[in-house]
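This is run-v8.csv (CSV, C-alpha atoms).
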```csv
chain,number,residue,atom,x,y,z
C,1,MET,CA,85.1,88.3,138.5
C,2,ALA,CA,84.6,91.6,140.3
C,3,GLU,CA,84.8,91.6,144.0
C,4,ALA,CA,81.8,92.6,146.1
C,5,TYR,CA,82.1,94.7,149.2
C,6,ILE,CA,80.0,95.6,152.2
C,7,TYR,CA,79.8,99.4,152.6
C,8,ASP,CA,77.1,99.6,155.4
C,9,ALA,CA,74.9,97.4,157.5
C,10,VAL,CA,71.9,98.6,159.5
C,11,ARG,CA,69.0,97.1,161.4
C,12,SER,CA,65.9,98.0,163.4
C,13,PRO,CA,65.7,97.1,167.0
C,14,ARG,CA,63.7,93.9,167.4
C,15,GLY,CA,60.2,94.4,168.9
C,16,LYS,CA,58.1,91.8,170.6
C,17,GLY,CA,56.1,90.0,168.0
C,18,ARG,CA,52.7,90.5,169.6
C,19,LYS,CA,50.0,93.1,169.9
C,20,ASP,CA,51.7,94.9,172.8
C,21,GLY,CA,55.0,94.9,171.0
C,22,SER,CA,56.4,98.4,170.3
C,23,LEU,CA,56.6,97.9,166.5
C,24,HIS,CA,53.1,96.3,166.2
C,25,GLU,CA,51.6,99.5,164.7
C,26,VAL,CA,54.2,99.5,161.9
C,27,THR,CA,53.6,97.5,158.7
C,28,ALA,CA,56.4,95.5,157.0
C,29,ALA,CA,56.5,98.0,154.1
C,30,ARG,CA,56.8,101.0,156.5
C,31,LEU,CA,59.5,99.4,158.6
C,32,SER,CA,61.4,98.4,155.5
C,33,ALA,CA,61.1,101.9,154.2
C,34,GLN,CA,62.6,103.4,157.4
C,35,ILE,CA,65.6,101.0,157.1
C,36,LEU,CA,66.0,101.8,153.4
C,37,ASN,CA,65.9,105.5,154.1
C,38,ALA,CA,68.6,105.1,156.7
C,39,VAL,CA,70.9,103.4,154.2
C,40,LYS,CA,70.2,106.2,151.7
C,41,GLU,CA,70.9,109.0,154.2
C,42,ARG,CA,73.9,107.5,155.8
C,43,ASN,CA,75.6,106.9,152.5
C,44,GLY,CA,74.5,109.8,150.4
C,45,LEU,CA,72.8,107.7,147.8
C,46,GLU,CA,71.1,109.9,145.2
C,47,GLY,CA,69.2,109.1,142.1
C,48,HIS,CA,69.2,105.6,140.6
C,49,ALA,CA,72.0,104.7,143.0
C,50,VAL,CA,71.6,100.9,143.2
C,51,GLU,CA,70.7,98.3,140.6
C,52,ASP,CA,68.0,96.7,142.8
C,53,VAL,CA,66.7,96.2,146.3
C,54,ILE,CA,66.6,92.5,147.1
C,55,TRP,CA,64.4,91.8,150.1
C,56,GLY,CA,63.7,88.6,152.0
C,57,ASN,CA,60.6,87.7,154.0
C,58,ALA,CA,59.4,84.3,154.9
C,59,THR,CA,55.6,84.7,155.2
C,60,GLN,CA,54.6,86.3,151.9
C,61,VAL,CA,50.9,86.9,152.4
C,62,MET,CA,48.6,89.8,153.3
C,63,GLU,CA,50.5,93.0,153.9
C,64,GLN,CA,53.8,91.0,153.4
C,65,GLY,CA,52.5,89.7,150.1
C,66,GLY,CA,53.0,90.8,146.6
C,67,CYS,CA,56.5,92.1,145.7
C,68,LEU,CA,57.2,93.6,149.1
C,69,ALA,CA,60.6,94.8,148.0
C,70,ARG,CA,59.1,97.0,145.4
C,71,THR,CA,56.4,98.2,147.8
C,72,ALA,CA,59.1,99.1,150.3
C,73,VAL,CA,61.1,101.1,147.6
C,74,LEU,CA,58.0,103.1,146.7
C,75,ALA,CA,57.2,103.7,150.4
C,76,SER,CA,60.7,104.9,151.0
C,77,ASP,CA,62.7,108.0,149.7
C,78,LEU,CA,64.6,105.9,147.2
C,79,ASP,CA,64.3,106.8,143.5
C,80,GLU,CA,61.3,105.1,141.9
C,81,ARG,CA,63.6,103.9,139.1
C,82,ILE,CA,65.1,101.4,141.5
C,83,PRO,CA,63.1,98.1,141.2
C,84,GLY,CA,62.6,95.5,143.9
C,85,LEU,CA,62.9,91.7,144.2
C,86,SER,CA,61.3,89.7,147.0
C,87,ILE,CA,62.7,86.3,147.8
C,88,ASN,CA,62.0,83.5,150.3
C,89,ARG,CA,64.4,81.1,151.7
C,90,PHE,CA,62.5,81.0,155.0
C,91,CYS,CA,64.8,81.8,157.9
C,92,ALA,CA,67.8,82.5,155.6
C,93,SER,CA,65.9,84.9,153.4
C,94,GLY,CA,67.8,88.0,154.6
C,95,LEU,CA,71.2,86.3,154.1
C,96,GLU,CA,70.2,84.9,150.8
C,97,ALA,CA,69.2,88.3,149.6
C,98,VAL,CA,72.7,89.6,150.5
C,99,ASN,CA,74.4,86.6,148.9
C,100,LEU,CA,72.4,87.1,145.7
C,101,ALA,CA,73.3,90.8,145.6
C,102,ALA,CA,77.0,90.0,146.1
C,103,ASN,CA,77.0,87.4,143.4
C,104,GLN,CA,75.2,89.7,141.0
C,105,ILE,CA,77.9,92.2,141.5
C,106,SER,CA,80.6,89.6,141.1
C,107,GLY,CA,79.0,88.5,137.9
C,108,GLY,CA,78.8,92.1,136.5
C,109,ALA,CA,75.1,92.6,136.8
C,110,GLY,CA,75.2,96.1,138.3
C,111,GLU,CA,77.5,98.0,140.6
C,112,GLY,CA,75.4,98.4,143.8
C,113,TYR,CA,72.6,96.8,145.7
C,114,ILE,CA,70.7,97.1,148.9
C,115,ALA,CA,69.8,93.7,150.3
C,116,GLY,CA,68.2,92.4,153.5
C,117,GLY,CA,64.7,91.6,154.7
C,118,VAL,CA,61.9,92.1,157.1
C,119,GLU,CA,59.4,90.1,159.2
C,120,MET,CA,56.5,91.4,161.2
C,121,MET,CA,55.7,88.3,163.1
C,122,GLY,CA,53.2,90.0,165.3
C,123,ARG,CA,51.2,91.2,162.4
C,124,VAL,CA,51.6,88.3,159.9
C,125,PRO,CA,51.9,85.1,161.9
C,126,MET,CA,54.4,82.4,160.9
C,127,GLY,CA,52.7,79.7,159.0
C,128,SER,CA,49.7,81.9,157.9
C,129,ASP,CA,50.7,81.3,154.3
C,130,GLY,CA,49.6,77.7,154.4
C,131,ALA,CA,52.8,76.2,153.0
C,132,ALA,CA,52.1,73.1,151.0
C,133,ILE,CA,54.8,71.1,152.7
C,134,ALA,CA,52.8,71.3,155.9
C,135,VAL,CA,49.2,71.2,154.6
C,136,ASP,CA,49.3,69.0,151.5
C,137,PRO,CA,49.2,65.4,152.8
C,138,SER,CA,50.8,63.9,149.6
C,139,ILE,CA,53.9,66.1,150.2
C,140,ALA,CA,53.9,66.1,154.0
C,141,MET,CA,53.7,62.3,154.2
C,142,LYS,CA,56.4,61.8,151.5
C,143,SER,CA,58.8,64.2,153.3
C,144,TYR,CA,58.0,63.0,156.8
C,145,PHE,CA,57.0,66.5,157.8
C,146,VAL,CA,57.3,67.6,161.4
C,147,PRO,CA,57.2,71.1,162.8
C,148,GLN,CA,60.6,72.8,163.5
C,149,GLY,CA,60.3,72.4,167.3
C,150,ILE,CA,60.1,68.7,166.8
C,151,SER,CA,63.1,68.8,164.5
C,152,ALA,CA,65.1,70.7,167.1
C,153,ASP,CA,64.3,68.0,169.7
C,154,ILE,CA,65.3,65.3,167.1
C,155,ILE,CA,68.7,67.0,166.9
C,156,ALA,CA,69.0,67.0,170.6
C,157,THR,CA,68.1,63.3,170.8
C,158,GLU,CA,70.3,62.2,167.9
C,159,TYR,CA,73.4,64.1,169.1
C,160,GLY,CA,73.0,63.7,172.8
C,161,PHE,CA,72.2,67.2,174.0
C,162,SER,CA,70.5,67.5,177.4
C,163,ARG,CA,68.0,70.0,178.7
C,164,ASP,CA,70.8,71.5,180.8
C,165,ASP,CA,73.0,71.9,177.7
C,166,ALA,CA,70.3,73.8,176.0
C,167,ASP,CA,69.5,75.9,179.0
C,168,GLN,CA,73.1,76.8,179.6
C,169,LEU,CA,73.5,78.0,176.0
C,170,ALA,CA,70.3,80.1,176.4
C,171,VAL,CA,71.4,81.7,179.6
C,172,ALA,CA,74.7,82.6,178.0
C,173,SER,CA,72.9,84.1,175.0
C,174,GLN,CA,70.9,86.4,177.4
C,175,GLN,CA,74.0,87.4,179.3
C,176,ARG,CA,76.0,88.1,176.2
C,177,ALA,CA,73.2,90.2,174.7
C,178,LYS,CA,72.9,92.3,177.8
C,179,ALA,CA,76.7,92.8,177.9
C,180,ALA,CA,76.6,93.9,174.3
C,181,TRP,CA,73.8,96.4,174.8
C,182,ASP,CA,75.4,97.7,178.0
C,183,ASP,CA,78.7,98.2,176.1
C,184,LYS,CA,76.8,99.9,173.2
C,185,ARG,CA,78.2,97.4,170.7
C,186,PHE,CA,75.2,97.7,168.4
C,187,GLU,CA,75.1,101.5,168.5
C,188,ASN,CA,76.6,101.9,165.0
C,189,SER,CA,74.0,99.7,163.3
C,190,ILE,CA,70.7,100.3,165.2
C,191,ILE,CA,68.2,102.6,163.5
C,192,PRO,CA,65.6,103.9,166.1
C,193,ILE,CA,62.1,103.4,164.6
C,194,LYS,CA,59.6,106.2,164.6
C,195,ASP,CA,55.8,106.2,164.3
C,196,GLN,CA,53.8,108.0,161.6
C,197,ASN,CA,54.2,111.3,163.5
C,198,GLY,CA,57.9,111.0,163.5
C,199,LEU,CA,58.1,110.2,167.2
C,200,PRO,CA,60.5,107.4,168.4
C,201,ILE,CA,58.8,104.2,169.4
C,202,LEU,CA,61.7,101.7,169.8
C,203,ASP,CA,65.5,102.1,170.1
C,204,HIS,CA,66.5,98.7,171.7
C,205,ASP,CA,65.8,95.0,171.4
C,206,GLU,CA,62.8,94.7,173.7
C,207,TYR,CA,62.5,90.9,173.8
C,208,MET,CA,65.5,90.3,176.0
C,209,ARG,CA,65.2,88.7,179.4
C,210,PRO,CA,68.6,89.5,181.0
C,211,GLY,CA,67.5,88.1,184.4
C,212,SER,CA,67.2,84.5,183.0
C,213,ASP,CA,69.1,81.9,184.9
C,214,MET,CA,69.2,78.1,185.1
C,215,GLN,CA,66.5,78.1,187.8
C,216,SER,CA,64.1,80.2,185.7
C,217,MET,CA,64.8,78.1,182.6
C,218,GLY,CA,64.1,75.0,184.6
C,219,SER,CA,60.6,76.2,185.5
C,220,LEU,CA,59.5,76.2,181.8
C,221,ASN,CA,57.7,73.2,180.3
C,222,PRO,CA,58.8,71.6,177.1
C,223,ALA,CA,57.1,73.4,174.3
C,224,PHE,CA,56.8,70.6,171.7
C,225,GLN,CA,56.1,67.5,173.9
C,226,ALA,CA,52.4,67.6,173.5
C,227,MET,CA,52.4,67.9,169.7
C,228,GLY,CA,55.0,65.2,169.6
C,229,GLU,CA,53.5,62.6,172.0
C,230,VAL,CA,49.7,63.3,172.0
C,231,MET,CA,48.1,65.3,169.1
C,232,PRO,CA,48.8,65.0,166.3
C,233,GLY,CA,51.7,62.7,167.3
C,234,PHE,CA,54.6,64.0,165.3
C,235,ASP,CA,57.0,61.8,167.4
C,236,LYS,CA,55.6,58.8,165.6
C,237,VAL,CA,56.4,60.4,162.2
C,238,ALA,CA,59.9,61.1,163.4
C,239,LEU,CA,60.5,57.6,164.7
C,240,MET,CA,59.3,56.2,161.3
C,241,LYS,CA,62.1,58.2,159.7
C,242,TYR,CA,64.6,57.4,162.4
C,243,PRO,CA,63.8,54.0,163.9
C,244,HIS,CA,67.1,53.8,165.7
C,245,LEU,CA,65.8,56.5,168.2
C,246,GLU,CA,63.7,54.9,170.9
C,247,LYS,CA,61.9,58.1,171.7
C,248,ILE,CA,62.3,61.9,171.2
C,249,ASN,CA,63.8,63.8,174.1
C,250,HIS,CA,61.8,67.0,174.2
C,251,ILE,CA,64.3,69.6,175.7
C,252,HIS,CA,63.2,72.8,174.0
C,253,HIS,CA,60.9,75.5,175.5
C,254,ALA,CA,60.3,79.2,175.2
C,255,GLY,CA,63.5,80.0,177.0
C,256,ASN,CA,66.0,78.1,174.8
C,257,SER,CA,64.2,78.7,171.5
C,258,SER,CA,64.3,81.9,169.3
C,259,GLY,CA,61.9,84.6,170.1
C,260,ILE,CA,59.0,85.7,167.9
C,261,VAL,CA,59.7,89.4,167.1
C,262,ASP,CA,59.3,92.1,164.5
C,263,GLY,CA,62.4,93.5,162.7
C,264,SER,CA,64.2,94.6,159.5
C,265,ALA,CA,67.8,94.9,158.3
C,266,ALA,CA,69.7,96.0,155.3
C,267,VAL,CA,73.2,95.7,153.9
C,268,LEU,CA,74.7,98.1,151.2
C,269,ILE,CA,76.7,96.0,148.8
C,270,GLY,CA,78.8,97.3,145.9
C,271,SER,CA,81.8,97.0,143.6
C,272,LYS,CA,84.9,99.0,144.1
C,273,GLU,CA,83.7,101.5,141.5
C,274,PHE,CA,80.4,101.9,143.4
C,275,GLY,CA,82.4,103.0,146.5
C,276,LYS,CA,84.4,105.5,144.5
C,277,GLN,CA,81.2,106.9,142.9
C,278,PHE,CA,79.7,107.8,146.3
C,279,GLY,CA,82.9,108.4,148.3
C,280,LEU,CA,82.4,105.3,150.4
C,281,LYS,CA,85.0,103.1,152.1
C,282,PRO,CA,84.4,99.4,152.0
C,283,ARG,CA,84.2,97.6,155.4
C,284,ALA,CA,84.5,94.0,154.2
C,285,LYS,CA,84.6,91.9,151.1
C,286,PHE,CA,82.8,88.6,150.3
C,287,ARG,CA,85.0,85.6,150.3
C,288,ALA,CA,82.3,83.0,149.6
C,289,THR,CA,78.6,82.2,149.7
C,290,ALA,CA,76.8,78.9,149.8
C,291,LYS,CA,73.5,77.1,150.2
C,292,ILE,CA,72.5,73.5,150.5
C,293,GLY,CA,69.5,71.2,150.9
C,294,LEU,CA,69.3,68.3,153.3
C,295,ASP,CA,66.9,65.9,155.1
C,296,PRO,CA,63.6,67.8,155.5
C,297,THR,CA,62.6,66.0,158.8
C,298,ILE,CA,65.6,66.8,161.0
C,299,MET,CA,65.6,69.9,158.9
C,300,LEU,CA,67.7,72.3,161.1
C,301,THR,CA,71.2,70.7,160.9
C,302,GLY,CA,71.9,72.9,157.8
C,303,PRO,CA,74.7,75.0,159.3
C,304,VAL,CA,76.9,71.8,159.4
C,305,PRO,CA,76.8,70.7,155.8
C,306,VAL,CA,76.6,74.2,154.4
C,307,THR,CA,79.8,75.0,156.4
C,308,GLN,CA,81.5,71.9,155.0
C,309,HIS,CA,80.4,73.0,151.5
C,310,ILE,CA,81.6,76.6,151.8
C,311,MET,CA,84.9,75.5,153.3
C,312,LYS,CA,85.5,73.2,150.3
C,313,GLN,CA,84.3,75.8,147.9
C,314,SER,CA,86.6,78.5,149.3
C,315,GLY,CA,89.6,76.4,150.0
C,316,MET,CA,89.4,77.5,153.7
C,317,SER,CA,89.2,75.6,156.9
C,318,ILE,CA,87.4,76.2,160.2
C,319,SER,CA,90.6,77.4,161.8
C,320,ASP,CA,90.7,80.3,159.2
C,321,ILE,CA,87.5,81.8,160.7
C,322,ASP,CA,87.9,84.2,163.6
C,323,LEU,CA,84.2,84.6,164.5
C,324,PHE,CA,81.0,82.8,163.8
C,325,GLU,CA,77.4,83.9,163.9
C,326,VAL,CA,75.2,80.7,163.9
C,327,ASN,CA,71.5,81.7,164.2
C,328,GLU,CA,70.0,80.5,167.5
C,329,ALA,CA,66.8,79.2,166.0
C,330,PHE,CA,66.9,76.6,168.8
C,331,ALA,CA,69.7,75.8,171.2
C,332,SER,CA,70.4,72.4,169.7
C,333,VAL,CA,71.2,74.0,166.3
C,334,VAL,CA,74.2,75.9,167.8
C,335,LEU,CA,75.2,73.0,170.0
C,336,ARG,CA,75.4,70.7,167.0
C,337,PHE,CA,77.4,73.2,165.1
C,338,MET,CA,80.0,73.6,167.8
C,339,GLN,CA,80.1,69.8,168.3
C,340,ALA,CA,80.6,69.1,164.6
C,341,PHE,CA,83.5,71.4,164.2
C,342,ASP,CA,84.9,71.5,167.7
C,343,VAL,CA,84.5,75.3,167.8
C,344,ASP,CA,85.1,77.1,171.0
C,345,ALA,CA,82.0,78.8,172.4
C,346,ASP,CA,84.0,82.0,172.7
C,347,LYS,CA,84.0,82.4,169.0
C,348,VAL,CA,80.3,81.8,168.4
C,349,ASN,CA,77.5,84.4,168.9
C,350,VAL,CA,79.7,86.4,171.2
C,351,ASN,CA,77.0,89.2,171.5
C,352,GLY,CA,74.1,86.9,172.1
C,353,GLY,CA,71.7,85.7,169.5
C,354,SER,CA,68.1,85.0,168.5
C,355,ILE,CA,67.3,83.2,171.8
C,356,ALA,CA,67.9,86.5,173.6
C,357,MET,CA,66.9,89.1,171.1
C,358,GLY,CA,64.5,87.2,168.7
C,359,HIS,CA,64.4,85.9,165.2
C,360,PRO,CA,62.4,88.0,162.7
C,361,LEU,CA,62.6,85.3,160.0
C,362,GLY,CA,63.2,87.3,156.8
C,363,ALA,CA,65.5,89.8,158.4
C,364,THR,CA,67.7,87.6,160.7
C,365,GLY,CA,70.3,86.7,158.1
C,366,ALA,CA,71.1,90.3,157.3
C,367,ILE,CA,71.0,91.1,161.1
C,368,ILE,CA,73.6,88.5,162.0
C,369,LEU,CA,75.9,89.4,159.1
C,370,GLY,CA,75.9,93.1,160.3
C,371,THR,CA,76.4,92.0,163.9
C,372,LEU,CA,79.3,89.8,162.7
C,373,LEU,CA,81.0,92.7,160.9
C,374,ASP,CA,80.6,95.1,163.8
C,375,GLU,CA,82.2,92.6,166.1
C,376,MET,CA,85.0,91.9,163.7
C,377,GLU,CA,85.8,95.6,163.6
C,378,ARG,CA,85.4,96.1,167.4
C,379,THR,CA,87.8,93.2,168.2
C,380,ASP,CA,90.1,93.6,165.1
C,381,LYS,CA,89.3,90.2,163.7
C,382,GLU,CA,89.8,89.5,160.0
C,383,VAL,CA,87.5,86.7,158.8
C,384,GLY,CA,84.0,85.8,159.9
C,385,MET,CA,81.2,83.5,158.9
C,386,ALA,CA,77.4,83.7,159.3
C,387,THR,CA,75.2,80.7,158.8
C,388,LEU,CA,71.6,79.7,159.4
C,389,CYS,CA,69.5,76.6,159.5
C,390,VAL,CA,66.4,76.8,157.2
C,391,ALA,CA,62.9,75.3,157.4
C,392,SER,CA,62.2,72.2,155.2
C,393,GLY,CA,65.8,71.3,155.3
C,394,MET,CA,68.2,73.8,153.9
C,395,GLY,CA,71.2,75.9,155.0
C,396,ALA,CA,72.9,79.1,154.0
C,397,ALA,CA,76.3,80.6,154.8
C,398,THR,CA,78.5,83.6,154.0
C,399,ILE,CA,82.2,84.3,154.7
C,400,ILE,CA,83.4,87.9,154.8
C,401,GLU,CA,86.9,89.4,155.2
C,402,ARG,CA,87.6,92.9,156.5
C,403,VAL,CA,89.1,95.3,154.1
```
What is this structure when it is put down as C-alpha cells?
Amino acid sequence: MAEAYIYDAVRSPRGKGRKDGSLHEVTAARLSAQILNAVKERNGLEGHAVEDVIWGNATQVMEQGGCLARTAVLASDLDERIPGLSINRFCASGLEAVNLAANQISGGAGEGYIAGGVEMMGRVPMGSDGAAIAVDPSIAMKSYFVPQGISADIIATEYGFSRDDADQLAVASQQRAKAAWDDKRFENSIIPIKDQNGLPILDHDEYMRPGSDMQSMGSLNPAFQAMGEVMPGFDKVALMKYPHLEKINHIHHAGNSSGIVDGSAAVLIGSKEFGKQFGLKPRAKFRATAKIGLDPTIMLTGPVPVTQHIMKQSGMSISDIDLFEVNEAFASVVLRFMQAFDVDADKVNVNGGSIAMGHPLGATGAIILGTLLDEMERTDKEVGMATLCVASGMGAATIIERV
C-alpha cells in the first residue's frame, strides 16, 4: 500500500457562533472557499491538482445542505474538474474526512486530496437538522437517548470526576490557549478571514476567555441540571440504563464545555509522487486511522475504545505517542481519557482546546490534527495522535509521524 503524507494544514480563526460573532456574515460555502483558496495558493496547486475535496459538516441543512463540498469547490478558485464529497460523522467529521482521504491514497485511488470541514454554528444551529435519533420516539427510546451534556455528566458520575476537576481542566485550557497565541504558535496555520470586499474581519480565536479562574468558573450554574432533573427528565432515562448510579452529578457548565463557534480547516494530503509533482515537502505521514461505535447513551467515551483499537491495529502502545490532541467537547471527556491511559496532562492539549477556543463541529477534527502537527514540529516530537468523541456513541482517531 502507498503511504499517505500531510503536506499542509490550515484553518480559519474561530469566531463566536452568534449574531455578533465576527464570522457571522460569512456562509459555510464562502468560509470553506477561503480555506480552499489558501491551500491552493500556499502550495501552488494548478489545474486538476487533487482527486477530490472531502469536506465534513455535522448539520447538513439550509446553507450547509446539499453537497457542501462541491459548492465550496465551485465558490473557490479550484479547478471545476475537482469534485466534492460531503460527509457527516458529527463532531469527528473533519478528522474522518482526512482519514478517508489518507486511506484513499493508500489504496491507490488518486494521488492528492484536500480534506477537512466547516461549521457555521451561529448561522445553522446545532440540532436544526432534526436528527431521527433525537426526534423519532421509536429510535430514541430504544437507544436511551439523552443530550450530549447529560452524557458528559454521566461520565463524570460514573468515573468520579468532581466539579473542581472539570473546572481545573477548563482553566488550564484557557491558560494554555492564551500562552499559545501569545507565543504565536498558531501563526503558520491561521488564515485571516476577509469579508466580501476583501477587508480582514477576523485573525484570531475570539471565543477565548483568558481571565477565567476557579472563582469565575465557580459562579456558573450547571448547564444540564434542569433538563436532567425537571423537564423533560433525562436523568430518569440515564438511570434506567445505568441503575447502579443513584443520581447524575451535574458538573458541566458553559465554562468547562466546548464553545459554540464558527470555523473551517483543511489538510492537504498526498502520495510521495504528489509531492514531487508540485515540489512539496511532506511534513508527516499517516501511521494509522480508526473509528468505532459504542454505547449511545454515555456516548462521549469514544476516545478510550478508539485509542485501544488504533493501538492494537497499529501495533503501538500509549508510550509510543509523544503528544495527544483529545477534543475538549466537555471536560469529563478529556479527564476520562487521561484516567484510562494514565497519560500525563503535559502531553494532552498542550496549546489549549475547544473549551477555550471553541468547537466548530465539522471542522474540529481537521483543526486539532493541524494543531498537533504544528506542535510536534515546534517541540521536535515524532509521533502524535488526535482523537474525538462523537455524538450518538462513536469515536475517531488518527496517528501521524513526522517525516
Contacts between segment 295-310 of chain C and segment 73-187 of chain C, please, where a residue of segment 73-187 of chain C counts if it comes within 12 Å (with all atoms listed in the file); show its shortest atom pair and distance in Å to one decimal, rows by chain and ascending number, as CSV.
```
residue,atom,partner,partner_atom,distance
C:Phe90,CA,C:Leu300,CA,11.8
C:Cys91,CA,C:Leu300,CA,10.4
C:Ala92,CA,C:Gly302,CA,10.7
C:Ile133,CA,C:Pro296,CA,9.8
C:Ala134,CA,C:Pro296,CA,11.4
C:Ile139,CA,C:Pro296,CA,11.2
C:Ala140,CA,C:Thr297,CA,9.9
C:Met141,CA,C:Thr297,CA,10.7
C:Lys142,CA,C:Pro296,CA,10.2
C:Ser143,CA,C:Pro296,CA,6.4
C:Tyr144,CA,C:Thr297,CA,5.8
C:Phe145,CA,C:Thr297,CA,5.7
C:Val146,CA,C:Thr297,CA,6.1
C:Pro147,CA,C:Thr297,CA,8.4
C:Gln148,CA,C:Met299,CA,7.4
C:Gly149,CA,C:Leu300,CA,9.7
C:Ile150,CA,C:Ile298,CA,8.2
C:Ser151,CA,C:Ile298,CA,4.7
C:Ala152,CA,C:Leu300,CA,6.7
C:Asp153,CA,C:Ile298,CA,8.9
C:Ile154,CA,C:Ile298,CA,6.3
C:Ile155,CA,C:Ile298,CA,6.7
C:Ala156,CA,C:Ile298,CA,10.2
C:Thr157,CA,C:Ile298,CA,10.7
C:Glu158,CA,C:Ile298,CA,9.5
C:Tyr159,CA,C:Thr301,CA,10.8
```
Compile the contact shell of Asn197 of chain C as a PyMOL selection string: residues with an atom at most 12 Å away, counting all atoms listed in the file, same-chain residues fewer than 4 positions apart removed. chain C and resi 26+193+201
Hey, can you spit out that residue selection with C-alpha atoms as a tab-separated table (two decimals), in the coordinates of the input?
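That gives us again_5.tsv:
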```tsv
chain	number	residue	atom	x	y	z
C	26	VAL	CA	54.20	99.50	161.90
C	193	ILE	CA	62.10	103.40	164.60
C	201	ILE	CA	58.80	104.20	169.40
```
What are the closest atom pairs, with distances in Å to one decimal, for all residues of segment 341-386 of chain C lying within 12 Å of segment 44-66 of chain C? Consider all atoms listed in the file, order rows by chain and residue number, and present the result as JSON lines.
```
{"residue": "C:His359", "atom": "CA", "partner": "C:Ala58", "partner_atom": "CA", "distance": 11.6}
{"residue": "C:Pro360", "atom": "CA", "partner": "C:Asn57", "partner_atom": "CA", "distance": 8.9}
{"residue": "C:Leu361", "atom": "CA", "partner": "C:Ala58", "partner_atom": "CA", "distance": 6.1}
{"residue": "C:Gly362", "atom": "CA", "partner": "C:Asn57", "partner_atom": "CA", "distance": 3.8}
{"residue": "C:Ala363", "atom": "CA", "partner": "C:Gly56", "partner_atom": "CA", "distance": 6.8}
{"residue": "C:Thr364", "atom": "CA", "partner": "C:Gly56", "partner_atom": "CA", "distance": 9.6}
{"residue": "C:Gly365", "atom": "CA", "partner": "C:Gly56", "partner_atom": "CA", "distance": 9.2}
{"residue": "C:Ala366", "atom": "CA", "partner": "C:Gly56", "partner_atom": "CA", "distance": 9.3}
{"residue": "C:Ile367", "atom": "CA", "partner": "C:Gly56", "partner_atom": "CA", "distance": 11.9}
```
Who sits within 10 Å of Gln104 of chain C, all atoms listed in the file, same chain under 6 positions skipped, as a PyMOL selection string: chain C and resi 2+4+51+98+110-113+270
Pairwise distance for atom CA of Gly17 of chain C and atom CA of Ile260 of chain C, rounded to one decimal in Å: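 A separation of 5.2 Å between them.
For the pair atom CA of Thr27 of chain C and atom CA of Ile190 of chain C, the interatomic distance is 18.5 Å.
Around segment 327-331 of chain C, within 8 Å and counting all atoms listed in the file, the residues found are Gly149, Ala152, Ala166, Asp167, Leu169, Ala170, His252, Asn256, Ser257, Ser258, Gly353, Ser354, Ile355, His359, Thr364, Gly365, Ile368, Ala386, Thr387, Leu388 and Cys389 of chain C, once anything fewer than 5 positions away on its own chain is removed.
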Kindly export the residues of the current selection with C-alpha atoms, as an mmCIF file, keeping the file's coordinate frame.
```cif
data_model
loop_
_atom_site.group_PDB
_atom_site.id
_atom_site.type_symbol
_atom_site.label_atom_id
_atom_site.label_comp_id
_atom_site.auth_asym_id
_atom_site.auth_seq_id
_atom_site.Cartn_x
_atom_site.Cartn_y
_atom_site.Cartn_z
ATOM 1 C CA GLY C 149 60.300 72.400 167.300
ATOM 2 C CA ALA C 152 65.100 70.700 167.100
ATOM 3 C CA ALA C 166 70.300 73.800 176.000
ATOM 4 C CA ASP C 167 69.500 75.900 179.000
ATOM 5 C CA LEU C 169 73.500 78.000 176.000
ATOM 6 C CA ALA C 170 70.300 80.100 176.400
ATOM 7 C CA HIS C 252 63.200 72.800 174.000
ATOM 8 C CA ASN C 256 66.000 78.100 174.800
ATOM 9 C CA SER C 257 64.200 78.700 171.500
ATOM 10 C CA SER C 258 64.300 81.900 169.300
ATOM 11 C CA GLY C 353 71.700 85.700 169.500
ATOM 12 C CA SER C 354 68.100 85.000 168.500
ATOM 13 C CA ILE C 355 67.300 83.200 171.800
ATOM 14 C CA HIS C 359 64.400 85.900 165.200
ATOM 15 C CA THR C 364 67.700 87.600 160.700
ATOM 16 C CA GLY C 365 70.300 86.700 158.100
ATOM 17 C CA ILE C 368 73.600 88.500 162.000
ATOM 18 C CA ALA C 386 77.400 83.700 159.300
ATOM 19 C CA THR C 387 75.200 80.700 158.800
ATOM 20 C CA LEU C 388 71.600 79.700 159.400
ATOM 21 C CA CYS C 389 69.500 76.600 159.500
#
```
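You will find atom CA of Asp346 of chain C at 17.8 Å from atom CA of Ser317 of chain C.
Using only C-alpha atoms for every distance, the candidate list C:Met214, C:Met316, C:Ala179, C:Ala9 yields C:Ala9 as the residue closest to Ala115 of chain C.
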Compare C:Leu95, C:Ala284, C:Ala101, C:Val383 by their minimum atom-to-atom distance to Leu369 of chain C, counting all atoms listed in the file, and give me the closest one.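 Smallest separation from Leu369 of chain C among the options: C:Leu95.
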With distances taken over only C-alpha atoms, which of C:Leu202, C:Phe186, C:Ser138, C:Gly218 is nearest to Gly263 of chain C?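 Using only C-alpha atoms, Gly263 of chain C sits closest to C:Leu202.
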Taking all atoms listed in the file into account, which of C:Lys194, C:Thr289, C:Asp77, C:Pro232 comes nearest Leu100 of chain C?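 Closest residue, counting all atoms listed in the file: C:Thr289.
Ranking C:Arg42, C:Lys178, C:Arg30, C:Lys285 by their shortest atom-to-atom distance to Leu373 of chain C, with only C-alpha atoms included, puts C:Lys285 first.
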Just checking: using all atoms listed in the file, which residue out of C:Thr71, C:Leu85, C:Arg11, C:Ala397 ends up closest to His204 of chain C?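 Going through C:Thr71, C:Leu85, C:Arg11, C:Ala397 one by one, the smallest distance to His204 of chain C is for C:Arg11.
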Exercise: residues within 12 Å of coordinate (88.2, 79.3, 157.4), counting all atoms listed in the file, as a PyMOL selection string: chain C and resi 287-288+307-324+341+343+382-386+398-401
